[in-house]
Structure formats: structure tokens, C-alpha cells
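So this block is run-v3.cif, mmCIF, C-alpha atoms:
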```cif
data_query
#
loop_
_atom_site.label_atom_id
_atom_site.label_comp_id
_atom_site.auth_asym_id
_atom_site.auth_seq_id
_atom_site.Cartn_x
_atom_site.Cartn_y
_atom_site.Cartn_z
CA LEU A 1 -31.68 17.40 -5.46
CA ALA A 2 -28.39 18.87 -4.28
CA TYR A 3 -26.57 15.80 -5.56
CA VAL A 4 -28.31 15.92 -8.95
CA LEU A 5 -27.62 19.64 -9.30
CA THR A 6 -23.98 19.03 -8.44
CA MET A 7 -23.75 16.33 -11.09
CA ASN A 8 -25.06 18.88 -13.59
CA GLY A 9 -22.45 21.45 -12.62
CA ARG A 10 -24.94 23.72 -10.85
CA LEU A 11 -22.84 23.95 -7.69
CA ASP A 12 -24.25 27.15 -6.19
CA GLU A 13 -27.83 25.88 -6.52
CA ALA A 14 -26.78 22.52 -5.09
CA GLN A 15 -25.37 24.17 -1.99
CA VAL A 16 -28.58 26.17 -1.51
CA TRP A 17 -30.68 22.99 -1.62
CA HIS A 18 -28.29 21.16 0.70
CA ASP A 19 -28.43 24.01 3.22
CA ARG A 20 -32.24 24.02 2.99
CA ALA A 21 -32.35 20.29 3.64
CA VAL A 22 -30.13 20.66 6.72
CA ALA A 23 -32.25 23.54 8.03
CA THR A 24 -35.50 21.66 7.40
CA ALA A 25 -34.28 18.51 9.17
CA GLU A 26 -33.01 20.58 12.10
CA ALA A 27 -36.26 22.57 12.37
CA ALA A 28 -38.32 19.39 12.25
CA GLY A 29 -36.13 17.74 14.87
CA ASP A 30 -35.76 14.77 12.51
CA HIS A 31 -32.43 13.35 13.62
CA ALA A 32 -32.47 10.50 11.10
CA ALA A 33 -33.04 12.92 8.22
CA LEU A 34 -30.39 15.30 9.55
CA SER A 35 -27.84 12.51 9.86
CA TYR A 36 -28.64 11.40 6.31
CA VAL A 37 -28.45 14.92 4.84
CA LEU A 38 -25.16 15.73 6.58
CA LEU A 39 -23.54 12.53 5.35
CA GLN A 40 -24.92 12.93 1.82
CA GLY A 41 -23.57 16.49 1.69
CA GLU A 42 -20.08 15.26 2.47
CA LEU A 43 -20.43 12.41 -0.04
CA ARG A 44 -21.38 14.99 -2.66
CA LYS A 45 -18.35 17.11 -1.77
CA HIS A 46 -16.11 14.06 -1.78
CA ALA A 47 -17.37 12.86 -5.16
CA PHE A 48 -17.15 16.21 -6.91
CA PHE A 49 -14.82 18.51 -4.97
CA GLY A 50 -12.23 16.18 -3.48
CA GLU A 51 -12.08 17.05 0.21
CA PRO A 52 -15.07 16.50 2.48
CA SER A 53 -15.23 18.01 5.95
CA GLN A 54 -14.98 15.56 8.83
CA GLU A 55 -17.21 17.64 11.14
CA PRO A 56 -20.58 17.15 9.37
CA ALA A 57 -19.83 13.46 8.80
CA GLU A 58 -18.85 13.05 12.46
CA ARG A 59 -22.07 14.85 13.48
CA ALA A 60 -24.02 12.45 11.24
CA LEU A 61 -22.39 9.54 13.08
CA GLU A 62 -23.09 11.07 16.49
CA LEU A 63 -26.76 11.60 15.63
CA ALA A 64 -27.13 8.04 14.36
CA LEU A 65 -25.47 6.63 17.47
CA GLU A 66 -27.47 8.86 19.81
CA HIS A 67 -30.76 7.82 18.25
CA GLY A 68 -30.00 4.13 17.76
CA ASP A 69 -29.93 4.23 13.96
CA ASP A 70 -27.46 1.36 13.55
CA GLN A 71 -27.57 1.15 9.74
CA ARG A 72 -26.89 4.87 9.29
CA ALA A 73 -24.15 4.73 11.92
CA GLY A 74 -22.53 1.84 10.06
CA HIS A 75 -22.65 3.85 6.84
CA ALA A 76 -21.15 6.85 8.61
CA TYR A 77 -18.26 4.76 9.97
CA PHE A 78 -17.58 3.48 6.45
CA TRP A 79 -17.64 6.93 4.82
CA LEU A 80 -15.63 8.57 7.59
CA SER A 81 -12.94 5.92 7.07
CA ALA A 82 -13.06 6.43 3.31
CA PHE A 83 -12.81 10.22 3.63
CA ALA A 84 -9.81 9.88 5.95
CA LEU A 85 -8.06 7.23 3.87
CA ASN A 86 -8.61 9.06 0.59
CA SER A 87 -7.25 12.25 2.19
CA GLY A 88 -4.09 10.49 3.36
CA ARG A 89 -4.99 10.52 7.07
CA LEU A 90 -4.11 6.91 7.70
CA ALA A 91 -4.14 7.02 11.52
CA THR A 92 -7.62 8.55 11.53
CA ALA A 93 -8.84 6.01 8.98
CA GLU A 94 -7.52 3.11 11.04
CA ARG A 95 -9.10 4.50 14.23
CA VAL A 96 -12.49 4.88 12.52
CA ILE A 97 -12.27 1.44 10.88
CA ALA A 98 -11.49 -0.21 14.24
CA ALA A 99 -14.41 1.57 15.95
CA GLY A 100 -16.72 0.77 13.05
CA LEU A 101 -15.75 -2.90 13.03
CA ARG A 102 -16.44 -3.18 16.78
CA PHE A 103 -19.79 -1.44 16.25
CA ALA A 104 -20.77 -3.67 13.32
CA GLU A 105 -19.66 -6.84 15.12
CA ASP A 106 -21.60 -5.94 18.29
CA ARG A 107 -24.79 -5.39 16.27
CA ASP A 108 -24.46 -8.18 13.69
CA LEU A 109 -24.28 -5.69 10.82
CA ASP A 110 -22.58 -8.08 8.42
CA GLY A 111 -22.81 -5.86 5.33
CA GLN A 112 -21.28 -2.92 7.18
CA LYS A 113 -18.58 -5.16 8.62
CA LEU A 114 -17.63 -6.42 5.16
CA GLN A 115 -17.48 -2.87 3.80
CA LEU A 116 -15.21 -1.85 6.67
CA LEU A 117 -12.99 -4.90 6.10
CA GLY A 118 -12.54 -3.64 2.53
CA MET A 119 -11.35 -0.34 3.98
CA LEU A 120 -9.08 -2.26 6.37
CA ALA A 121 -7.46 -3.96 3.37
CA ARG A 122 -6.96 -0.56 1.72
CA ALA A 123 -5.48 0.85 4.93
CA GLY A 124 -3.07 -2.10 5.12
CA LEU A 125 -1.95 -1.42 1.57
CA ALA A 126 -1.52 2.29 2.31
CA ARG A 127 0.51 1.46 5.42
CA GLY A 128 2.73 -0.92 3.43
CA ASP A 129 1.50 -4.00 5.27
CA TRP A 130 1.03 -6.17 2.19
CA GLU A 131 0.51 -9.42 4.11
CA THR A 132 -2.50 -8.04 6.01
CA ALA A 133 -3.87 -6.25 2.96
CA GLU A 134 -3.60 -9.34 0.77
CA ALA A 135 -5.03 -11.68 3.42
CA THR A 136 -7.98 -9.39 4.16
CA ALA A 137 -8.79 -8.78 0.48
CA THR A 138 -8.47 -12.49 -0.37
CA GLU A 139 -10.74 -13.44 2.54
CA LEU A 140 -13.33 -10.91 1.39
CA LEU A 141 -13.35 -12.31 -2.14
CA SER A 142 -14.01 -15.80 -0.76
CA ARG A 143 -17.43 -14.62 0.45
CA THR A 144 -20.60 -14.99 -1.59
CA ASP A 145 -22.49 -12.20 0.22
CA LEU A 146 -19.99 -9.46 -0.49
CA PRO A 147 -21.35 -5.91 -0.97
CA GLY A 148 -20.15 -4.25 -4.20
CA ILE A 149 -18.00 -1.59 -2.53
CA ALA A 150 -16.20 -4.25 -0.45
CA GLU A 151 -15.63 -6.32 -3.59
CA PHE A 152 -14.32 -3.24 -5.41
CA ASN A 153 -11.89 -2.46 -2.58
CA ALA A 154 -10.66 -6.07 -2.46
CA PHE A 155 -9.99 -6.07 -6.23
CA LEU A 156 -8.33 -2.65 -5.97
CA VAL A 157 -6.05 -3.76 -3.14
CA LEU A 158 -5.01 -7.01 -4.82
CA GLY A 159 -4.62 -5.36 -8.21
CA THR A 160 -2.52 -2.51 -6.87
CA GLY A 161 -0.41 -4.75 -4.64
CA TYR A 162 0.28 -7.35 -7.31
CA ALA A 163 0.94 -4.75 -10.02
CA HIS A 164 3.38 -2.97 -7.71
CA ARG A 165 5.29 -6.24 -7.38
CA GLY A 166 5.25 -6.92 -11.12
CA ASP A 167 2.84 -9.84 -10.69
CA PRO A 168 0.68 -10.22 -13.83
CA ARG A 169 -2.39 -11.00 -11.68
CA GLY A 170 -2.50 -7.31 -10.85
CA ILE A 171 -3.94 -6.34 -14.23
CA ALA A 172 -6.80 -8.85 -13.98
CA TYR A 173 -7.77 -7.62 -10.51
CA LEU A 174 -7.63 -3.98 -11.58
CA GLU A 175 -9.77 -4.75 -14.63
CA ARG A 176 -12.36 -6.40 -12.39
CA ALA A 177 -12.33 -3.34 -10.11
CA LEU A 178 -12.82 -1.11 -13.15
CA LYS A 179 -15.83 -3.16 -14.28
CA LEU A 180 -17.42 -2.70 -10.86
#
```

As C-alpha cells - that is how I would like this structure written.
Amino acid sequence: LAYVLTMNGRLDEAQVWHDRAVATAEAAGDHAALSYVLLQGELRKHAFFGEPSQEPAERALELALEHGDDQRAGHAYFWLSAFALNSGRLATAERVIAAGLRFAEDRDLDGQKLQLLGMLARAGLARGDWETAEATATELLSRTDLPGIAEFNAFLVLGTGYAHRGDPRGIAYLERALKL
């Protein structure tokens, strides 16, 4: 409800409902729900306000790890890396991506691993390491089981990198990212 209210520009109401959801999950001792609500709150902020807070997202990750919720932990690693990368905190993003990739690999979370590899390609591009960014994005696009966000990031990386170099392939990749 907080997300829907935010999308409708009812920001004060959205925050009230978010705070109620956090309080309800905490009072119930429902760690899975609390992890979910904390992460969703930061996604809502990120989507509509620009700058999420790392602390609630890190708490969401801690709760998921503490209670063995591997899927939610994988999502938290992905979004923490996205928040950091989109905020220009490259070192933090790379640290989170590396930890998330180890986590996903250890637990055979292939979808989460592919999403994090998309973030790794974006981090390589942001760092100016075109060879790694291009190789990672190209490898991702060779997969048939690629989650949409990983595919989007691969197209974005290749499109941006090629366009920056004046390579006409850049436009086609950026158009495919836009369609996604």
C-alpha cells in the first residue's frame, strides 16, 4: 500500500503505512516480513526519491541471513549493490557484489547470481574497466535463462560502452534496454 500511495503522489500517507508495516512485523516477530518491508521501503525511496538509506536495507539483509531466508538475502545483496552503484559509491557496490556472488554461488541461487553479474558489469563500466564490463555483459547475454534485470543491465552496459566509443552497436543495445 505504501508503494501504491507513493506512486500516486500521496507521500505522507505512504510513509505512515510503511511505518505501520514495520511496526506490525516487529511486534509479530515476523523476521521474514520485516526484512521484506524494510527492503521494499528502500526500493520505494530509491524509485521515487532518489537516495535510499543503506541501514534499513542492510538490516533486511542481516535478518534474511540470520533466519536462513536465502532468496530474500540474495535480493537484498542485489538491491544494496544497486543502491550503492546508483549513488556513486563504487567501492561499496563492488564489496556488496562480491559478497553477494559468493553467497549466491554457495547456495546455487542462479537467478540471484545472474542479477549480481549484471551489477558487476555495471560496476566495471563505472570503474572504466571496459574489458571486464564488456566480457561480463556479453557472457550474460549468451544465457537463455537470464532474468530481466540482468538482461537490462547487460544491454545498458554494452549500449553505453559502445556509444561512448562511437560504435554504432551502442544505439541498438540501448534501444533493447529501453524496451525492457

Applied to the shown file, which residues does the PyMOL selection byres ((chain A and resi 44) around 12) return, written as a PyMOL selection string?
-> chain A and resi 1-7+9+11+14-15+18+37-43+45-53+57+79+83

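Among the candidates A:Ala64, A:Leu174, A:Val96, A:Ala150, the residue lying nearest to A:Tyr77 is A:Val96 (atoms considered: only C-alpha atoms).
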
Do you know which residues are at most 12 Å from A:Phe152 counting all atoms listed in the file, after dropping those on the same chain fewer than 4 positions away, and could you put them as a list in words?
-> Leu114, Gln115, Leu117, Gly118, Met119, Ala121, Arg122, Ala137, Leu140, Leu141, Leu146, Pro147, Gly148, Leu156, Val157, Leu158, Gly159, Thr160, Tyr173, Leu174, Glu175, Arg176, Ala177, Leu178, Lys179 and Leu180 of chain A

The PyMOL selection byres ((chain A and resi 78) around 8) on the file shown: which residues, as a count of residues only?
-> 14

Excluding same-chain residues fewer than 5 positions from A:Lys113, what lies within 7 Å of it counting only C-alpha atoms, as a PyMOL selection string?
-> chain A and resi 101+104-105

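The shortest atom-to-atom distance to A:Ala126, with all atoms listed in the file taken into account, belongs to A:Leu90 out of A:Leu90, A:Glu139, A:Ala98, A:Phe103.
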
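Considering all atoms listed in the file, the residue among A:Gly161, A:Gly29, A:Gly111, A:Gly166 positioned nearest to A:Glu131 is A:Gly161.
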
Once you count only C-alpha atoms, what closest atom pair and distance in Å to one decimal does each residue of stretch 12-35 of chain A within 12 Å of stretch 59-62 of chain A have, with rows by chain and rising residue number, as a tab-separated table?
```
residue	atom	partner	partner_atom	distance
A:Val22	CA	A:Ala60	CA	11.2
A:His31	CA	A:Ala60	CA	8.8
A:Ala32	CA	A:Ala60	CA	8.7
A:Ala33	CA	A:Ala60	CA	9.5
A:Leu34	CA	A:Ala60	CA	7.2
A:Ser35	CA	A:Ala60	CA	4.1
```

Distance in Å - atom CA of A:Asp108 versus atom CA of A:Ala84 | 24.5 Å

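For the pair atom CA of A:Ser142 and atom CA of A:Gly88, the separation is 28.4 Å.
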
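Nearest to A:Glu151 of all the residues A:Leu65, A:Thr136, A:Arg20, A:Gly170 is A:Thr136, based on only C-alpha atoms.
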
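Closest approach to A:Asn153 from the set A:Leu109, A:Ala135, A:Leu120, A:Ala27 is made by A:Leu120, with distances taken over only C-alpha atoms.
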
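The coordinates place atom CA of A:Arg127 at 9.5 Å from atom CA of A:Ala91.
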
Using only C-alpha atoms, which residue out of A:Ser87, A:Arg143, A:Tyr162, A:Asp110 lies closest to A:Trp130?
-> A:Tyr162

Where atoms are lacking, stretch 77-93 of chain A completed to N, CA and C atoms, as a short mmCIF file (atom, residue, chain, number, x, y, z; two decimals), in the frame of the given file:
```cif
data_model
loop_
_atom_site.label_atom_id
_atom_site.label_comp_id
_atom_site.auth_asym_id
_atom_site.auth_seq_id
_atom_site.Cartn_x
_atom_site.Cartn_y
_atom_site.Cartn_z
N TYR A 77 -19.60 5.28 9.68
CA TYR A 77 -18.26 4.76 9.97
C TYR A 77 -17.52 4.45 8.66
N PHE A 78 -18.22 3.82 7.73
CA PHE A 78 -17.58 3.48 6.45
C PHE A 78 -17.11 4.75 5.73
N TRP A 79 -18.02 5.74 5.59
CA TRP A 79 -17.64 6.93 4.82
C TRP A 79 -16.61 7.78 5.55
N LEU A 80 -16.67 7.85 6.86
CA LEU A 80 -15.63 8.57 7.59
C LEU A 80 -14.27 7.93 7.35
N SER A 81 -14.22 6.60 7.34
CA SER A 81 -12.94 5.92 7.07
C SER A 81 -12.48 6.17 5.64
N ALA A 82 -13.42 6.17 4.70
CA ALA A 82 -13.06 6.43 3.31
C ALA A 82 -12.55 7.86 3.13
N PHE A 83 -13.25 8.83 3.74
CA PHE A 83 -12.81 10.22 3.63
C PHE A 83 -11.39 10.37 4.18
N ALA A 84 -11.13 9.77 5.33
CA ALA A 84 -9.81 9.88 5.95
C ALA A 84 -8.75 9.19 5.11
N LEU A 85 -9.04 7.98 4.66
CA LEU A 85 -8.06 7.23 3.87
C LEU A 85 -7.76 7.93 2.55
N ASN A 86 -8.81 8.39 1.88
CA ASN A 86 -8.61 9.06 0.59
C ASN A 86 -7.90 10.40 0.73
N SER A 87 -7.93 10.98 1.94
CA SER A 87 -7.25 12.25 2.19
C SER A 87 -5.86 12.04 2.78
N GLY A 88 -5.43 10.78 2.87
CA GLY A 88 -4.09 10.49 3.36
C GLY A 88 -3.94 10.54 4.87
N ARG A 89 -5.04 10.51 5.61
CA ARG A 89 -4.99 10.52 7.07
C ARG A 89 -5.15 9.09 7.57
N LEU A 90 -4.08 8.34 7.44
CA LEU A 90 -4.11 6.91 7.70
C LEU A 90 -4.44 6.58 9.15
N ALA A 91 -3.86 7.30 10.10
CA ALA A 91 -4.14 7.02 11.52
C ALA A 91 -5.61 7.23 11.84
N THR A 92 -6.19 8.30 11.31
CA THR A 92 -7.62 8.55 11.53
C THR A 92 -8.44 7.45 10.89
N ALA A 93 -8.10 7.07 9.67
CA ALA A 93 -8.84 6.01 8.98
C ALA A 93 -8.80 4.72 9.79
#
```
